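Right, one structure below, let's go through it.
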Amino acid sequence: MTGVISKCSHILVVDDDATLRMLTRTALEQVGFLVTEAADGREAVDVALRSFPDAILMDVEMPELDGFAACAQIRRHPDCLDTPIVMLTGRDDDESIREAYDCGATDFIPKPINWSLLGQRVMYIVRASQVSRGLRDSESKNQAFVQAIPDSMLVVNRQGQLLTHHRGSSGSRLIDDLVTEGDSIFEALPKSLADVWRTQISRVLDTRGMELSEHRAKKNAAYHFYESRVVPYTDKSVLIMLRDVTEQKQAAAKVRRLAFYDTLTGLPNRQSFLIQLAEAIREAEATEGRIGVLYLDLDNFKLINDSLGHNIGDRLLKGIAKRLSSSVRRDDYVATTERDSAKMQVSRLGGDEFTVLLRGLNSVEEVEAVAERTVSILKEPMSVDGHQFVITPSVGMSVYPDDGQDLETLMKNTDTALHHAKAAGRDRVTRFSGTMSIRSLERLDIEDSLRRAIENGELELHYQPKMVLANRDIPGVEALVRWTHPDRGPISPAKFIPIAEDSGMIMALSEWVMHEACNQLQAWQGTELDRVRIAINLSAKQFNLDDLHSQIFSALNTRQIPFERLELELTEGALMRDIDSTIHSLQRLKDAGLLIAVDDFGTGYSSMSYLKRFPLDALKIDRSFVDEIEKSRESHAICKAIVELGHGLGLKVIAEGVENGEQVTSLNLMDCDQLQGYFFARPMPASEVTRFISDHVKRHLRRLPLANL
Amino acid sequence: MDAEQVLDLTALDMIRSLQQPGTEDLVSKIVAMFLDDAERYRGEIRQAIDDSDASRLGAAAHSLKSCAANVGAMQVSAVASRLEILGRNDALASVGNQFNDLETALAAARERLLRQLDS
């Protein structure tokens with residue numbers, strides 16, 4: 001006879017009749033209830049609001065406060081809204097029964113009470129109350145869920161009639177103001193949305209599955225994105241949940257922006273560029289079109305950034321980005337009038353490196369024209385924070401398919417072209433060509449570094465003494481440039497001098513050498529070394545310079561150095577370029593007191609007839625002959641011939657690259673005047689060579705013939 | 001006197017049905033309580049009539065009506081009910097012999113109840 005109720009349910013019995021209370025208690029305790037008693041209405045209210053019984057049995061007619069008033073008071077308490085209150089009414093008292101309901105009573109039991117049934121009766125009442133409280137709780141939980149969900153919810157039947165509508169906090173923009181309960185949503189909503197849902201509702205009702213869809217609506221000039229899901233609700237209706245996913249969309253877009261766009265300029269980044277290029281190649285393959293790839297490097301950006309700070313640098317980069325993008329638009333306009341498919345895409349790879357992708361072009365000329373136009377736009381003066389800048393870019397360019405048919409090749413070749421553009425003096429567009437090999441790329445790198453090496457003090461002059469064979473005197477030293485690259489370490493002059501010659505860098509390099517040598521001569525003034533000459537190498541280019549004389553004269557004059565202390569070494573090639581002007585030029589130098597030697601003699605193509613017309617002082621036998629003087633009869637013969645030729649022309653002859661005693665003996669026998677080489681002394685830094693010469697002079701005060709050594 | 005029974009035994013039977021084995025005899029206890037209460041209400045009713053206190057008459061008669069019904073003393077309950085109505089309607093003048101009827105009914109009920117207990 002036990003029901004589903006908890007055995008310990010607590011019942012308050014209210015009656016002024018003690019007999020009735022006791023019988024009621026007995027009856028209820030028999031079925032397992034806990035019973036509390038109250039003798040009048042006031043006490044009933046006190047007990048009920050203190051102990052919150054599971055049910056109350058209440059007599060009507062009581063002193064102090066009657067049952068109806070007590071019932072009404074208890075019912076008003078928020079925690080007693082569902083408490084079953086059963087009125088114990090007199091028999092057939094219709095008026096009492098009506099009044100009982102009016103005051104909020106749950107049920108009534110007429111007196112006299114059937115005691116044997118009372119327990120069961122109250123059990124049913126309590127159980128019904130618990131079931132209904134459970135339903136109410138569940139209902140209120142559902143209500144809470146619904147309230148907490150920001151989605152708009154619609155219960156709709158197959159015909160689109162809106163049965164229930166919960167306004168959402170997020171979905172409202174799209175539908176909530178348009179639909180009305182009882183009316184068809186298909187008629188109220190925009191056709192595009194209605195059509196999607198009409199199909200989905202039918203499908204959900206047929207298959208009991210779920211349908212998802214996304215929608216977009218414009219609100220206050222901005223798009224909002226919505227996601228809807230349609231699920232079965234009852235046999236004949238579906239639940240549509242509509243959620244505003246604009247924020248998620250925006251967050252996703254932001255992630256995308258961070259991953260694919262440069263945060264400083266807002267331009268696509270390297271990642272995007274790679275994707276765009278790959279896509280462009282696919283497109284060009286299909287259409288047999290051309291793509292231009294440009295790498296842009298801002299020539300003086302690093303200097304601006306370092307001297308004016310990152311803030312200005314960043315703003316400059318933004319300005320450049322804006323200008324590039326606007327050039328894209330300008331070109332877009334041109335393109336759309338000329339050809340629909342043409343377009344430009346700008347990216348920033350990082351630092352001051354930008355790329356421009358030119359798509360949908362047909363000829364190489366077109367690509368070149370757009371590239372030049374882009375550069376000219378960049379070069380217009382730019383103002384940042386009161387500073388005026390003219391930014392010149394170095395641009396490497398390659399064209400698909402002409403210069404590469406895949407992404408890697410195109411990128412590599414464009415990069416090579418960029419290096420060549422920089423090497424060729426920057427501020428230019430250089431298109432890739434097949435002759436730009438890896439080796440030439442290394443040259444470019446060296447050249448680029450060399451440009452900075454002078455400013456950064458990476459260069460140093462070493463001095464190699466020359467010795468007079470007859471008396472072991474040291475009349476002079478040859479200045480040789482040494483370069484220690486901060487990353488690569490020492491770089492051989494054999495490697496970088498030819499590169500400097502080719503690129504024009506030799507001018508700056510030679511000028512630096514001249515000043516450095518003059519400084520050293522100045523340092524030796526007034527010491528025991530003040531008769532030692534320094535020989536510097538002049539390049540062919542430098543020799544043809546109009547202001548060479550004034551450069552040399554002013555360098556010496558400002559330091560008050562006697563002109564005969566500087567010796568110039570020129571190669572045969574340099575001499576033979578323009579004979580008449582060379583003679584004229586040399587004569588001016590010689591008249592001023594400088595000494596002039598022909599370097600690497602025997603390797604070039606000297607015209608003997610002209611040789612005698614040059615105002616020279618010395619010939620230097622090329623080291624290749626000296627090297628083989630003991631092994632090769634030919635080399636031996638050449639050395640001998642050069643010595644004789646020199647002497648015949650009244651010139652001193654100096655052997656270079658002397659490394660052993662046998663060579664010295666041979667050269668001595670040939671009557672060669674001076675020798676230079678590791679056998680005697682290697683090239684040394686200034687301080688070392690100063691010490692070397694001083695020591696040498698002390699040790700050989702007297703002029704001893706070499707044969708006596 | 002009217003047709004009401006002096007003692008409706010089904011009331012006591014129902015009380016007896018609540019009797020749990022091994023506990024105090026419920027019917028005896030209830031009857032004892034009724035006899036006490038009835039005597040008290042009788043006194044109150046007498047006093048209310050003497051004091052012409054209609055509302056007190058109504059309340060006391062109502063209480064007696066209920067507790068008499070509990071034990072099946074239907075005649076007492078009926079007389080008490082009539083007194084209650086008089087009291088509620090402020091009709092003390094009409095009480096007449098009703099109090100005597102109440103005493104007679106009470107005496108009869110008491111006798112029958114005590115006999116029930118003895119048996």
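In the structure tokens, each chain is lettered A, B, ... as it comes, each chain's residues begin at 1, and ligands are numbered from 1 in order of appearance.
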| task | With a distance cut-off of 12 Å and only C-alpha atoms, select the neighbouring residues of B:Gly87, excluding the residue or stretch itself and same-chain residues fewer than 4 positions from it, and output the selection as a list in words. | result |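 Final neighbour list, sorted by chain and number: Ile45, Ala48, Ile49, Ser52, Asp53, Ala54, Ser55, Arg56, Leu57, Gly58, Ala59, Ala60, Ala61, His62, Ala80, Ser81, Arg82, Leu83, Ala91, Leu92, Ala93, Ser94, Val95 and Gln98 of chain B.
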| chain A contacts on chain B, only C-alpha atoms, 8 Å, as a list of chain:residue names |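 Therefore, the residues near the partner are B:Met14, B:Ile15, B:Ser17, B:Leu18, B:Ile30, B:Met33, B:Phe34, B:His62, B:Ser63, B:Ser66, B:Cys67, B:Ala69, B:Asn70.
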| request: For stretch 114-118 of chain B, list every protein, DNA or RNA residue within 12 Å, evaluated using only C-alpha atoms, and leave out those in the same chain fewer than 2 positions away; present the list as a list in words. | output: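 Selected residues are Leu7, Asp8, Leu9, Leu12, Asp13, Arg16, Asp25, Leu26, Val27, Ser28, Lys29, Ile30, Val31, Ala32, Phe34, Leu35, Val71, Gly72, Leu106, Ala107, Ala108, Ala109, Arg110, Glu111 and Arg112 of chain B.
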Considering only C-alpha atoms, return as a compact mmCIF listing (two decimals) with N, CA, C and O atoms, in the first residue's frame whatever protein or nucleic-acid residues lie within 12 Å of A:Asp580, sequence-local ones (same chain, fewer than 4 positions apart) excluded.
```
# COMPACT_ATOMS: atom_id res chain seq x y z
N ASN A 544 91.14 56.54 -65.44
CA ASN A 544 90.51 57.37 -66.46
C ASN A 544 89.71 58.53 -65.87
O ASN A 544 89.15 59.33 -66.60
N LEU A 575 96.89 50.66 -68.64
CA LEU A 575 97.72 51.58 -69.42
C LEU A 575 97.30 51.63 -70.89
O LEU A 575 97.34 52.67 -71.53
N MET A 576 96.91 50.46 -71.41
CA MET A 576 96.73 50.34 -72.85
C MET A 576 95.35 50.76 -73.33
O MET A 576 95.02 50.56 -74.49
N HIS A 584 99.54 61.33 -71.15
CA HIS A 584 99.34 62.68 -70.65
C HIS A 584 99.12 62.68 -69.15
O HIS A 584 99.73 63.44 -68.39
N SER A 585 98.26 61.74 -68.75
CA SER A 585 97.90 61.64 -67.35
C SER A 585 99.10 61.24 -66.49
O SER A 585 99.38 61.83 -65.43
N LEU A 586 99.84 60.21 -66.98
CA LEU A 586 100.99 59.73 -66.23
C LEU A 586 102.06 60.82 -66.12
O LEU A 586 102.70 60.96 -65.07
N GLN A 587 102.19 61.57 -67.18
CA GLN A 587 103.21 62.60 -67.19
C GLN A 587 102.94 63.63 -66.10
O GLN A 587 103.85 64.06 -65.39
N TYR A 610 104.68 51.34 -77.42
CA TYR A 610 104.11 52.36 -76.54
C TYR A 610 104.77 52.39 -75.18
O TYR A 610 104.84 53.42 -74.53
N LEU A 611 105.25 51.21 -74.79
CA LEU A 611 105.79 51.08 -73.44
C LEU A 611 106.89 52.13 -73.18
O LEU A 611 106.96 52.73 -72.11
N ARG A 613 107.08 54.96 -74.42
CA ARG A 613 106.58 56.34 -74.36
C ARG A 613 105.97 56.67 -72.99
O ARG A 613 105.76 57.82 -72.66
N PHE A 614 105.67 55.63 -72.21
CA PHE A 614 105.06 55.88 -70.90
C PHE A 614 106.11 56.36 -69.91
O PHE A 614 107.20 55.79 -69.83
N PRO A 615 105.83 57.40 -69.15
CA PRO A 615 106.78 57.88 -68.15
C PRO A 615 106.73 57.00 -66.92
O PRO A 615 106.07 57.33 -65.92
```
| Given the choices A:Gly602, A:Pro150, A:Pro232, A:Gly313, which gets closest to A:Thr207 if the distance is worked out from only C-alpha atoms? |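 Using only C-alpha atoms, A:Thr207 sits closest to A:Pro232.
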| as a ChimeraX atom specification, which residues of stretch 485-661 of chain A does DSSP assign to alpha helix (DSSP H)? | /A:493-503,505-524,540-543,548-558,572-575,579-592,608-611,623-627,633-648,661
